[in-house]
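In what follows, a single structure is set out as structure tokens and then discussed.
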Number of protein chains: 2
Amino acid sequence: MDFIDFDKTAAFKNLSILLAGRGKGLDLRSLLDAGRVENCQTPMAAGLRYCWAAKAVDKEILEALAALAEEQELIAKFRALLEGEIINTGENRKVLHHLLRSQDGKTLTGRQVNFDGRDIGAFYQAELARFSAFARKVHGGEIRGSTGRSFSHVVQIGIGGSDLGPRALYIALENWAQKEGRQKLKAKFISNVDPDDASQVIDSLPLGETLFILVSKSGTTQETLSNELFVKAKLQRAALDPSKHLAAVTSETSPLAHNPAYLDSFYIDDFIGGRYSSSSAVGGLILSLAFGPEVFAEFLAGAREADRAALEPDIMKNAALLDALTGVWERNFLGFPSTAVLPYSQALSRFPAHLQQLDMESNGKRVNREGKPLAYATGPVVFGEPGTNGQHSFYQLLHQGTDLVPLQFIGFTESQRKDDVEVEGSFSQTKLLANLAAQIVAFAQGQRPGQRPGPKPGQGPDRDSADCSKEFPGGRPSSLIYGKRLDPAALGGLLAHFENKVMFQGFIWNLNSFDQEGVQLGKVLAKKVLSAKAKGQGSGDPVLDAYSRLLGV
Amino acid sequence: MDFIDFDKTAAFKNLSILLAGRGKGLDLRSLLDAGRVENCQTPMAAGLRYCWAAKAVDKEILEALAALAEEQELIAKFRALLEGEIINTGENRKVLHHLLRSQDGKTLTGRQVNFDGRDIGAFYQAELARFSAFARKVHGGEIRGSTGRSFSHVVQIGIGGSDLGPRALYIALENWAQKEGRQKLKAKFISNVDPDDASQVIDSLPLGETLFILVSKSGTTQETLSNELFVKAKLQRAALDPSKHLAAVTSETSPLAHNPAYLDSFYIDDFIGGRYSSSSAVGGLILSLAFGPEVFAEFLAGAREADRAALEPDIMKNAALLDALTGVWERNFLGFPSTAVLPYSQALSRFPAHLQQLDMESNGKRVNREGKPLAYATGPVVFGEPGTNGQHSFYQLLHQGTDLVPLQFIGFTESQRKDDVEVEGSFSQTKLLANLAAQIVAFAQGQRPGQRPGPKPGQGPDRDSADCSKEFPGGRPSSLIYGKRLDPAALGGLLAHFENKVMFQGFIWNLNSFDQEGVQLGKVLAKKVLSAKAKGQGSGDPVLDAYSRLLGV
């Protein structure tokens, strides 16, 4: 297995030649037709489907991308990652979040993963069983707060990977759970070191009925530890015993581990990166408390199915791989610097923020796996908001701006709450989906002034004299992930799809997608400011001190 | 006053020459020093300050940008806009959101604005007085719901400009209002046509104590009208009289106007664009109900002060103008395609989403004011999340990605709730601000491996042999808006700053920043799908029908 830079591959050269021969790539306006919508689909996990009809790729480009997948050994690298090879070389770590979704403690390829004499899969299974049992005891009233009342609320204290994923997943399932009678506890989240965050959340809680989960893998995260003490002080002021209201999720080597200050502690290890930790106790404890361990098990099953689908070598049958490859075509050859995630589902309101972290923290890197600077673009800027809201906002730029932004649409046939109203002959859910279909077509086909949608290039009035403000150039590529309803399995499938897509892109670009050196310098400088201030002196960096003075630090 | 394309100006040519002579612009790493932090500041409204020390501009570039401001007659165009010239030529409309912030119904330049024999400023003043009085009556219990109980909750039903701005402003002031004892009603928002949105919000309300505000300028917004009927059906099912629970904000020519179905209706006109409507009844009614008309008046005063500051011709004394000009330098000459808004204030959690709309919908255009295609880049992609959260997420790409993203930081010395905890010698608010200072410096100065922050270019180990994964290239430009505390006046000043910045950039690029033709095609196609479906037939567009079938429409 060779790790080589993307621009050193034969596939890179072939793709460059392909692009050169086609000018700016294919014309999506003439490419997209109904047959393509029906045929350009790849099944995903949990009944989801990936429709890439509105991606500007044809047989020749796809063959060149398939050759890239083979040359960069993407499936072999995924298998190596699954089986415990040290893929996170910078930190000398395995990358094992897929193993969290195993049912039998073995990898999807049937192997056992050992480290330091321990069966890691068995360890993950044991922790899953432990936090599932803990959640059941909370639900059954065996574990109660210090007033003796049952817990009605759970609050996660964490930041970054300990916040965005679990928060997005909780919001994604809350309506579904309410409709299905599966909600057991209400969940909230404290994240920012801004004291207004913790203060406001705590103020909204019945403290005596609230269980807090402290989440920090290292046990040293500044924001999280500050917020823990914030919460503890509030509990004490309310004459509540913090040790009866706090559980922890951390690593076994952290200062929080095996600590009687918590009701219980649940463990992950160094092989679970923060942004990949939703499938561990980091996401699992709060989701199991909120909705029950069975719901979390359904989520894991959906993710597992997506992982299995990602092992398929044929790019036409592997949605994560195809998504990764077309994304690289758009990023490195068509030159698009950002991508938008547009879920037509209010439940996915925070899902784009999680994907933003997942993608930008994993692949926002300028050096290869050996730390050598790269000469090609890597991870794009990722952003998004739910439709139809975005249609009334930033879609203007997406339709008529000077830059092209590839789009990832997501939609579901049914709503989660199935509480709807019929207005002018259609339900809101139907309107939502009609808008989704309309947007894909509008972006792809565009419209010349005075024409019906779907013109062929070269048509339309003379550009020198016409008012083109009502012209839609079209040619905006998108893909669509769609399914019946957003339930736990579909959500697991969706999450794992994007995790695997990002992983494949990292392999193509020859990055270490599993470290995050870029967050370190800011941390070091912030500590420098704080420790200098504690000593009543300057930090030694005059610029840092000048900014600190402005801000009244 | 001439409206000419940016690339036809002498300033464009001069800036291009300036760039060519400098390669990739200035080296921020050597440019930034403590003196610059102290000196490169411009006062803003409401005690805020704009610090642009970490922008890669020097005297020569600033002079060329000042010449651009003069050549494109930015201040003259702003004055013309203020005084009612038809700046929104595509829709043949005046652009009068600044007049909403007038105290005497006259423009900042002392003029009266008339249209069709009406004094528009007086009309806006009268509506402000009417909705202020309405809010007072709700607070005083003179206006009650159909059960006779006082209102405790207010819910805005609107989308796009009728949602994002008001929602961001409400969230921005909620903690401040609670601390200051100014909160009168709790506010919520229904926006998306996804029925799960309305259903969930309604489910969380004491319906008998809830006042709904229907907001649609045209009175024909599909999402908003559907959600109104959703709400009405729920009220009726709860045996409540909808006409005692609904107020409207619309234009006088809309079907909602002068309608006994509402407790009262408040009016805006065609001269207030959706994304600029927060200063009208669109934002004013809900903010006045939630916090009192006095709070909204303070907000308007802050915005008015920012508008006045934006009339200053000296670019060194006009923060909005300077911000606009440096943004154009970064966009058109340094070639940065996106920009991130990073408020170190949890209260501003939705402010980036509003700015995303404001900027991308205003300047995401590829044609000039006459509808002619442009050969240069216009509005960038705008995205952002609050710090310190973002530090643990997408900042990796910002620090070490292959593309540069200019940054807009925002911070306040004091928290809103003033409820804080001291951990390891510092309060959370201090940690928040120490992180903010640290990030600006880390982005600007970077760090070579094994070195202290702040190296000069060319230093550091040999790039061919070294592991550069811990290297921070630096040279990432940012600006900082800072103030004492986020209160209504500061919030008004902040909002108007960005509105005016976007306006100036639109003038530079010779765009119509006040229409939004790019949202039309999708609307038309969605209606086509729905009306075809109602008739049980195809839409006539086979691709649209194919996508509709996938989604079960």
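Labeling convention for the structure tokens: chains A, B, ... as they appear, residues from 1 per chain, ligands from 1 in order of appearance.
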
### Task
Could you tell me, as a PyMOL selection string, which residues of stretch 70-272 of chain A DSSP assigns to strand (DSSP E) when given the backbone?
chain A and resi 114-115+118-119+153-157+186-190+210-215+246-251+265-268

Output C-alpha atoms of each residue in that selection to a file, as a short mmCIF file (atom, residue, chain, number, x, y, z; two decimals), in the first residue's frame.
data_model
loop_
_atom_site.label_atom_id
_atom_site.label_comp_id
_atom_site.auth_asym_id
_atom_site.auth_seq_id
_atom_site.Cartn_x
_atom_site.Cartn_y
_atom_site.Cartn_z
CA ASN A 114 -5.69 -5.57 19.57
CA PHE A 115 -3.57 -2.92 21.20
CA ARG A 118 -6.39 -5.49 24.80
CA ASP A 119 -9.18 -6.42 22.38
CA HIS A 153 -33.23 16.58 31.64
CA VAL A 154 -29.74 15.75 30.46
CA VAL A 155 -27.15 18.37 29.56
CA GLN A 156 -23.96 17.66 27.65
CA ILE A 157 -20.96 19.80 28.57
CA LYS A 186 -35.02 16.42 27.19
CA ALA A 187 -31.45 17.26 26.23
CA LYS A 188 -29.55 20.55 26.19
CA PHE A 189 -25.94 21.46 25.48
CA ILE A 190 -23.35 23.77 27.04
CA THR A 210 -30.95 17.40 35.63
CA LEU A 211 -28.12 15.02 34.84
CA PHE A 212 -24.98 16.60 33.37
CA ILE A 213 -22.55 14.73 31.17
CA LEU A 214 -19.03 16.07 31.14
CA VAL A 215 -17.32 15.14 27.87
CA LEU A 246 -22.67 14.42 36.93
CA ALA A 247 -21.42 11.60 34.72
CA ALA A 248 -18.28 11.72 32.61
CA VAL A 249 -17.16 10.56 29.19
CA THR A 250 -13.40 10.61 28.86
CA SER A 251 -10.35 8.46 28.22
CA SER A 265 -17.61 7.41 33.90
CA PHE A 266 -17.57 5.95 30.40
CA TYR A 267 -14.49 5.56 28.30
CA ILE A 268 -13.22 6.10 24.82
#

### Task
Please provide as an MDAnalysis selection string all residues within 10 Å of B:Leu342, with the sequence filter that same-chain residues fewer than 3 positions apart are discarded (counting only C-alpha atoms).
chainID B and resid 339 345 348:349 351:352 383:391 407:411 436 480

Would you output that residue set with C-alpha atoms, as a PDB file, in the first residue's frame?
ATOM      1  CA  THR B 339     -15.047  35.184   4.347  1.00  0.00           C
ATOM      2  CA  SER B 345     -20.247  36.064  21.899  1.00  0.00           C
ATOM      3  CA  LEU B 348     -24.444  36.389  18.280  1.00  0.00           C
ATOM      4  CA  SER B 349     -24.912  32.697  17.473  1.00  0.00           C
ATOM      5  CA  PHE B 351     -25.775  36.733  13.538  1.00  0.00           C
ATOM      6  CA  PRO B 352     -23.496  35.059  10.938  1.00  0.00           C
ATOM      7  CA  PHE B 383     -20.193  31.731   6.839  1.00  0.00           C
ATOM      8  CA  GLY B 384     -19.429  31.578  10.533  1.00  0.00           C
ATOM      9  CA  GLU B 385     -20.077  30.201  13.989  1.00  0.00           C
ATOM     10  CA  PRO B 386     -19.348  31.668  17.431  1.00  0.00           C
ATOM     11  CA  GLY B 387     -15.910  31.354  19.002  1.00  0.00           C
ATOM     12  CA  THR B 388     -14.556  29.571  20.966  1.00  0.00           C
ATOM     13  CA  ASN B 389     -16.730  26.792  19.480  1.00  0.00           C
ATOM     14  CA  GLY B 390     -15.357  27.249  15.966  1.00  0.00           C
ATOM     15  CA  GLN B 391     -11.785  26.903  17.304  1.00  0.00           C
ATOM     16  CA  LEU B 407     -11.838  36.705   9.052  1.00  0.00           C
ATOM     17  CA  GLN B 408     -14.165  39.131  10.818  1.00  0.00           C
ATOM     18  CA  PHE B 409     -13.855  38.795  14.593  1.00  0.00           C
ATOM     19  CA  ILE B 410     -16.318  40.413  16.999  1.00  0.00           C
ATOM     20  CA  GLY B 411     -15.885  40.617  20.789  1.00  0.00           C
ATOM     21  CA  LEU B 436      -9.953  35.822  20.726  1.00  0.00           C
ATOM     22  CA  LEU B 480     -11.836  42.991  14.873  1.00  0.00           C
TER      23      LEU B 480
END

### Among listed residues B:Phe271, B:Trp329, B:Phe299, B:Trp52, nearest chain A (using only C-alpha atoms)
B:Trp52

### Message
So that I can check the surroundings of A:Glu330, please list as a list in words every protein, DNA and RNA residue that reaches within 10 Å of it, counting only C-alpha atoms and ignoring chain neighbours fewer than 4 positions away.
### Response
Gly25, Lys55, Ala56, Val57, Ala324, Leu325, Thr326, Leu334, Gly335, Phe336, Pro337, Ser338, Thr339, Leu404, Val405, Pro406 and Pro477 of chain A

#### Entry: Neighbour list for B:Lys217 as number ranges by chain, cut-off 12 Å, only C-alpha atoms, skip fewer than 2 positions in-chain
B: 158-162, 214-215, 219-221, 224-225, 248-257, 265-275, 277, 280-282

What does the file look like for those residues with C-alpha atoms, as an mmCIF file, in the first residue's frame?
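This is the output file again-v9.cif:
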data_model
loop_
_atom_site.group_PDB
_atom_site.id
_atom_site.type_symbol
_atom_site.label_atom_id
_atom_site.label_comp_id
_atom_site.auth_asym_id
_atom_site.auth_seq_id
_atom_site.Cartn_x
_atom_site.Cartn_y
_atom_site.Cartn_z
ATOM 1 C CA GLY B 158 -41.871 34.622 8.383
ATOM 2 C CA ILE B 159 -39.000 33.448 6.202
ATOM 3 C CA GLY B 160 -35.779 34.900 4.794
ATOM 4 C CA GLY B 161 -35.620 38.587 5.631
ATOM 5 C CA SER B 162 -38.699 38.263 7.817
ATOM 6 C CA LEU B 214 -47.515 37.020 10.412
ATOM 7 C CA VAL B 215 -44.789 38.723 8.369
ATOM 8 C CA GLY B 219 -48.662 38.798 1.495
ATOM 9 C CA THR B 220 -48.084 35.914 -0.918
ATOM 10 C CA THR B 221 -45.089 34.066 0.521
ATOM 11 C CA THR B 224 -45.566 31.931 5.496
ATOM 12 C CA LEU B 225 -49.162 31.552 4.323
ATOM 13 C CA ALA B 248 -49.697 41.115 10.656
ATOM 14 C CA VAL B 249 -46.738 42.987 9.192
ATOM 15 C CA THR B 250 -47.112 43.515 5.469
ATOM 16 C CA SER B 251 -47.395 46.145 2.747
ATOM 17 C CA GLU B 252 -50.578 48.143 2.309
ATOM 18 C CA THR B 253 -51.190 46.622 -1.114
ATOM 19 C CA SER B 254 -50.959 43.020 0.092
ATOM 20 C CA PRO B 255 -53.966 40.736 0.586
ATOM 21 C CA LEU B 256 -53.189 40.723 4.321
ATOM 22 C CA ALA B 257 -53.639 44.483 4.700
ATOM 23 C CA SER B 265 -51.675 45.194 10.947
ATOM 24 C CA PHE B 266 -48.483 47.220 10.567
ATOM 25 C CA TYR B 267 -47.093 48.366 7.281
ATOM 26 C CA ILE B 268 -43.866 48.610 5.376
ATOM 27 C CA ASP B 269 -43.517 49.489 1.714
ATOM 28 C CA ASP B 270 -41.575 48.453 -1.357
ATOM 29 C CA PHE B 271 -38.646 50.632 -0.368
ATOM 30 C CA ILE B 272 -37.697 48.265 2.463
ATOM 31 C CA GLY B 273 -36.011 45.119 1.160
ATOM 32 C CA GLY B 274 -36.602 41.932 3.129
ATOM 33 C CA ARG B 275 -33.005 41.533 4.301
ATOM 34 C CA SER B 277 -36.266 45.114 7.161
ATOM 35 C CA SER B 280 -38.987 48.238 10.345
ATOM 36 C CA ALA B 281 -42.038 46.613 11.907
ATOM 37 C CA VAL B 282 -40.635 43.302 10.610
#

Which residues are close to B:Ala238, i.e. within 10 Å by only C-alpha atoms, leaving aside same-chain residues fewer than 5 positions away? Reply as a CSV table (one decimal) with N, CA and C atoms, in the first residue's frame.
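Below is the file that was written, out24.csv:
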chain,number,residue,atom,x,y,z
B,207,LEU,N,-50.6,28.0,24.1
B,207,LEU,CA,-51.3,28.7,22.9
B,207,LEU,C,-52.2,29.8,23.3
B,208,GLY,N,-52.9,29.6,24.5
B,208,GLY,CA,-53.8,30.6,24.9
B,208,GLY,C,-53.2,32.0,25.3
B,232,LYS,N,-53.4,28.7,12.5
B,232,LYS,CA,-54.9,29.0,12.7
B,232,LYS,C,-55.6,27.7,13.0
B,233,ALA,N,-55.3,26.6,12.3
B,233,ALA,CA,-55.9,25.3,12.6
B,233,ALA,C,-55.7,24.9,14.0

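From atom CA of A:Ala129 back to atom CA of A:Trp176, the distance works out to 24.1 Å.
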
### Message
For B:Gln41, find every residue with an atom within 12 Å (counting only C-alpha atoms), except residues of its own chain fewer than 3 positions away, and show them as a PyMOL selection string.
### Response
(chain A and resi 547+550) or (chain B and resi 35-38+44+48-55+315-319+322-323+479-482)

Write the selection just made, keeping C-alpha atoms, as a PDB file, in the first residue's frame?
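Heads up, here's the output in part-v2.pdb:
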ATOM      1  CA  TYR A 547      -4.900  42.870  21.427  1.00  0.00           C
ATOM      2  CA  LEU A 550      -8.062  46.302  23.555  1.00  0.00           C
TER       3      LEU A 550
ATOM      4  CA  GLY B  35       1.874  49.974  17.328  1.00  0.00           C
ATOM      5  CA  ARG B  36      -0.310  48.922  14.445  1.00  0.00           C
ATOM      6  CA  VAL B  37      -2.834  47.349  16.816  1.00  0.00           C
ATOM      7  CA  GLU B  38      -3.057  50.633  18.685  1.00  0.00           C
ATOM      8  CA  MET B  44     -17.851  53.041  15.067  1.00  0.00           C
ATOM      9  CA  LEU B  48     -17.720  50.089  19.123  1.00  0.00           C
ATOM     10  CA  ARG B  49     -14.352  50.226  17.399  1.00  0.00           C
ATOM     11  CA  TYR B  50     -13.047  48.691  14.193  1.00  0.00           C
ATOM     12  CA  CYS B  51      -9.459  47.472  14.433  1.00  0.00           C
ATOM     13  CA  TRP B  52      -7.932  46.591  11.082  1.00  0.00           C
ATOM     14  CA  ALA B  53      -4.343  46.128  12.229  1.00  0.00           C
ATOM     15  CA  ALA B  54      -4.311  42.534  10.946  1.00  0.00           C
ATOM     16  CA  LYS B  55      -5.461  43.468   7.452  1.00  0.00           C
ATOM     17  CA  ILE B 315     -11.991  56.301   4.580  1.00  0.00           C
ATOM     18  CA  MET B 316      -9.790  56.265   7.679  1.00  0.00           C
ATOM     19  CA  LYS B 317     -12.685  57.601   9.731  1.00  0.00           C
ATOM     20  CA  ASN B 318     -15.451  55.534   8.164  1.00  0.00           C
ATOM     21  CA  ALA B 319     -15.377  51.916   9.342  1.00  0.00           C
ATOM     22  CA  LEU B 322     -12.881  50.931   5.038  1.00  0.00           C
ATOM     23  CA  ASP B 323     -14.289  47.462   5.664  1.00  0.00           C
ATOM     24  CA  SER B 479     -10.350  42.572  11.428  1.00  0.00           C
ATOM     25  CA  LEU B 480     -11.836  42.991  14.873  1.00  0.00           C
ATOM     26  CA  ILE B 481     -14.955  44.839  15.934  1.00  0.00           C
ATOM     27  CA  TYR B 482     -14.947  45.260  19.687  1.00  0.00           C
TER      28      TYR B 482
END

### Message
Give me the residues near B:Ser132 as a ChimeraX atom specification, where near means some atom within 8 Å (using only C-alpha atoms) and where sequence neighbours in that chain fewer than 4 positions away do not count.
### Response
/B:128,136,285,288,292-293

Okay, now the selection with N, CA and C atoms, as a PDB file, in the first residue's frame?
ATOM      1  N   LEU B 128     -44.013  53.160  13.307  1.00  0.00           N
ATOM      2  CA  LEU B 128     -43.216  52.908  14.523  1.00  0.00           C
ATOM      3  C   LEU B 128     -44.032  53.255  15.765  1.00  0.00           C
ATOM      4  N   ARG B 136     -47.145  48.237  23.866  1.00  0.00           N
ATOM      5  CA  ARG B 136     -47.437  48.697  25.224  1.00  0.00           C
ATOM      6  C   ARG B 136     -48.790  48.179  25.700  1.00  0.00           C
ATOM      7  N   LEU B 285     -41.679  45.045  15.641  1.00  0.00           N
ATOM      8  CA  LEU B 285     -42.844  44.607  16.413  1.00  0.00           C
ATOM      9  C   LEU B 285     -42.450  43.503  17.387  1.00  0.00           C
ATOM     10  N   SER B 288     -40.113  44.847  20.093  1.00  0.00           N
ATOM     11  CA  SER B 288     -40.844  45.713  21.019  1.00  0.00           C
ATOM     12  C   SER B 288     -41.739  44.889  21.935  1.00  0.00           C
ATOM     13  N   GLY B 292     -39.812  45.575  24.857  1.00  0.00           N
ATOM     14  CA  GLY B 292     -40.313  46.938  25.050  1.00  0.00           C
ATOM     15  C   GLY B 292     -39.887  47.867  23.931  1.00  0.00           C
ATOM     16  N   PRO B 293     -40.731  48.828  23.567  1.00  0.00           N
ATOM     17  CA  PRO B 293     -40.399  49.771  22.490  1.00  0.00           C
ATOM     18  C   PRO B 293     -39.156  50.598  22.783  1.00  0.00           C
TER      19      PRO B 293
END

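Taking only C-alpha atoms into account, chain B lies nearest to A:Ile171 out of the set A:Ala122, A:Ala490, A:Ala133, A:Ile171.
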
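If only C-alpha atoms are the atoms counted, then among B:Gly21, B:Gly371, B:Pro488, B:Gly474 the closest residue to chain A is B:Gly371.
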
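Proximity to chain A was assessed for B:Arg29, B:His98, B:His245, B:Arg304 counting only C-alpha atoms; the smallest distance is recorded for B:Arg29.
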
### Task
Rank A:Glu70, A:Glu174, A:Glu63, A:Asp104 by their smallest atom-to-atom distance to A:Asp487, using only C-alpha atoms, and report the top residue only.
A:Glu174

## Note on the structure
Across B:Lys179, B:Phe412, B:Leu289, B:Leu311, the smallest distance to B:Thr109, with only C-alpha atoms counted, is shown by B:Leu311

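You will find atom CA of B:Glu223 at 27.0 Å from atom CA of A:Gly475.
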